[in-house]
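In what follows, a structure is listed as structure tokens, so that the remarks can point back to it.
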Amino acid sequence: MPSGLLRFDVGTIRCTVLSDGYFSNPAQSFFPEAAANEIPQEQIVSPYTCLLVQTGTRVVLVDTGAGAASRTSGAMIPRLALEGVHPRDVNIVILTHAHPDHVGGALDTVGRPTFPNACYCIAELEYEFWTGVRAGASAPRDTLAALRPKLDLIEGEAEIAPGVRVIPAAGHTPGHLAVAVSSGADSLLNLGDAATHPLHLRHPEWRNGFDIDPDRALVTRRRLLDMAAAQNMRVMAFHFPFPSVGRIEAREPDGWEWMPGWPSATGD
């Protein structure tokens, strides 16, 4: 099994991006309003990349991957093992939102929390949406119901662990969260699904076909990218080509260039 991980430090905080496989989608589902000649291929291979954050006092996992939802997914436990992390070692799981590719690994094969000692954090708005009547019957509803005794419902921006805070980033889903990791002069902004392909940086006005509220998602994307640029933050996005982390640079007349990778990062 390829390791599918990359380690890097944000100040004194050790971070590792962990691959949980991928899925292939028609390009038009990512860019429904783009002209065919503006899209590089007919199919987009979309990675599932989670983030492990070890602060020294807390072990935090951002998103859990797709679990058994895809033929290529379900490898989070062996990926964590490569970092010496057992499921019982994880203190906090942050769910950026409740789409199945982000919460699919939250439960084990018999429906119990995969990370038995962890508090699972999700936005209160996200929980209310997926458990309310508007969502109808859904896999997220069942997952959230099983996790309910361990859920910590978050309102607004909040520090979840030392150097780790969640930022409301609605649009992709009603309670979608971004996650910022900061230590000293270094910082990383995990966009979650506020952008799902580097072309959403180059063309921030392009809508994403997976967004529940596309207009709000466009505003959120620009706000997060403006913040990352202003604060010289590196950026991560769950569906960007692995290792899904890099930096951005403003380009004229609009948008940002994506430059993948992390200085001094190591992988197996």
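Scheme for the structure tokens: letters A, B, ... for chains in order shown; per-chain residue numbers from 1; ligand numbers from 1 in order shown.
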Selection: 8 Å around Glu257 (chain A), only C-alpha atoms, excl. self and same-chain fewer than 5 positions, as a PyMOL selection string | chain A and resi 198+201-202+248-251
DSSP strand (DSSP E) residues within region 53-240 of chain A, listed as an NGL selection string = :A and (53-54 or 59-62 or 92-94 or 119-123 or 151-154 or 158-161 or 164-168 or 177-183 or 186-190 or 234-236)
Just the residues within 7 Å of region 65-81 of chain A, please, counting only C-alpha atoms, with nothing from its chain fewer than 6 positions along; format it as a ChimeraX atom specification.
-> /A:3,18,20-22,48,50,100-105
Excluding region 230-247 of chain A and its own-chain neighbours fewer than 3 positions away, which residues fall within 7 Å of it when counting only C-alpha atoms? Please give them as a compact mmCIF listing (two decimals) with C-alpha atoms, in the first residue's frame.
```txt
# COMPACT_ATOMS: atom_id res chain seq x y z
CA LEU A 6 3.18 14.01 3.75
CA VAL A 17 -1.84 15.10 5.20
CA SER A 46 -10.79 14.06 -6.91
CA PRO A 47 -8.59 13.00 -3.95
CA TYR A 48 -9.86 12.63 -0.40
CA THR A 49 -7.18 14.19 1.83
CA CYS A 50 -7.54 14.43 5.60
CA SER A 187 -0.05 29.19 9.63
CA LEU A 188 -2.11 26.87 7.44
CA LEU A 189 -5.68 27.35 6.26
CA ASN A 190 -7.61 24.18 5.45
CA LEU A 191 -10.34 25.27 3.02
CA GLY A 192 -12.27 22.01 3.30
CA ASP A 193 -14.49 22.11 0.20
CA ALA A 195 -12.62 25.17 -3.30
CA THR A 196 -12.53 21.68 -4.80
CA HIS A 197 -10.00 22.13 -7.61
CA PRO A 198 -7.09 24.55 -8.27
CA ASP A 226 -8.18 36.99 0.72
CA MET A 227 -7.49 36.07 4.35
CA TRP A 258 -1.79 27.43 -6.86
CA MET A 259 1.76 26.29 -6.05
CA PRO A 260 1.65 22.83 -4.45
CA GLY A 261 4.05 21.46 -1.88
CA TRP A 262 5.60 22.43 1.45
```
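For the set A:Ala118, A:Ile154, A:Leu52, A:Ala34, the residue with the smallest atom-to-atom gap to His200 (chain A) is A:Ala34, counting only C-alpha atoms.
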Extract the full set of helix (DSSP H, G or I) residues from region 61-250 of chain A according to DSSP on the backbone, and format it as a VMD selection string.
-> chain A and resid 67 to 69 76 to 82 87 to 89 100 to 103 124 to 131 133 to 135 139 to 150 199 to 202 214 to 230
CA of Asp215 (chain A) and CA of Thr96 (chain A) are how many Å apart?
->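 If I compute the distance from CA of Asp215 (chain A) to CA of Thr96 (chain A), I get 19.1 Å.
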Compile the contact shell of region 208-212 of chain A as an mmCIF file with C-alpha atoms, in the first residue's frame: residues with an atom at most 7 Å away, counting only C-alpha atoms, same-chain residues fewer than 5 positions apart removed.
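Below is the file selection_4.cif, written as the result:
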```cif
data_model
loop_
_atom_site.group_PDB
_atom_site.id
_atom_site.type_symbol
_atom_site.label_atom_id
_atom_site.label_comp_id
_atom_site.auth_asym_id
_atom_site.auth_seq_id
_atom_site.Cartn_x
_atom_site.Cartn_y
_atom_site.Cartn_z
ATOM 1 C CA SER A 29 -20.004 18.585 -12.126
ATOM 2 C CA PHE A 30 -17.105 20.673 -10.758
ATOM 3 C CA PHE A 31 -17.436 23.531 -13.236
ATOM 4 C CA PRO A 32 -21.037 23.585 -14.543
ATOM 5 C CA GLY A 171 -21.997 27.881 1.088
ATOM 6 C CA HIS A 172 -20.756 24.446 0.132
ATOM 7 C CA THR A 173 -23.071 23.313 2.920
ATOM 8 C CA ALA A 217 -20.003 29.736 -1.564
#
```
Between CA of Gln43 (chain A) and CA of Arg223 (chain A) - distance in Å to one decimal |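 Those two atoms sit 28.4 Å apart.
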Correct to one decimal, the distance CA of Leu224 (chain A)-CA of Glu33 (chain A) is 21.9 Å
Counting only C-alpha atoms, the residue among A:Val219, A:Val181, A:Leu153, A:Ala228 that lies closest to Gly11 (chain A) is A:Val181
Which of these residues is nearest to Gln41 (chain A), using only C-alpha atoms: A:Ala27, A:Ala180, A:Ala194, A:Ala161?
->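 So, comparing all the options, the nearest one is A:Ala27.
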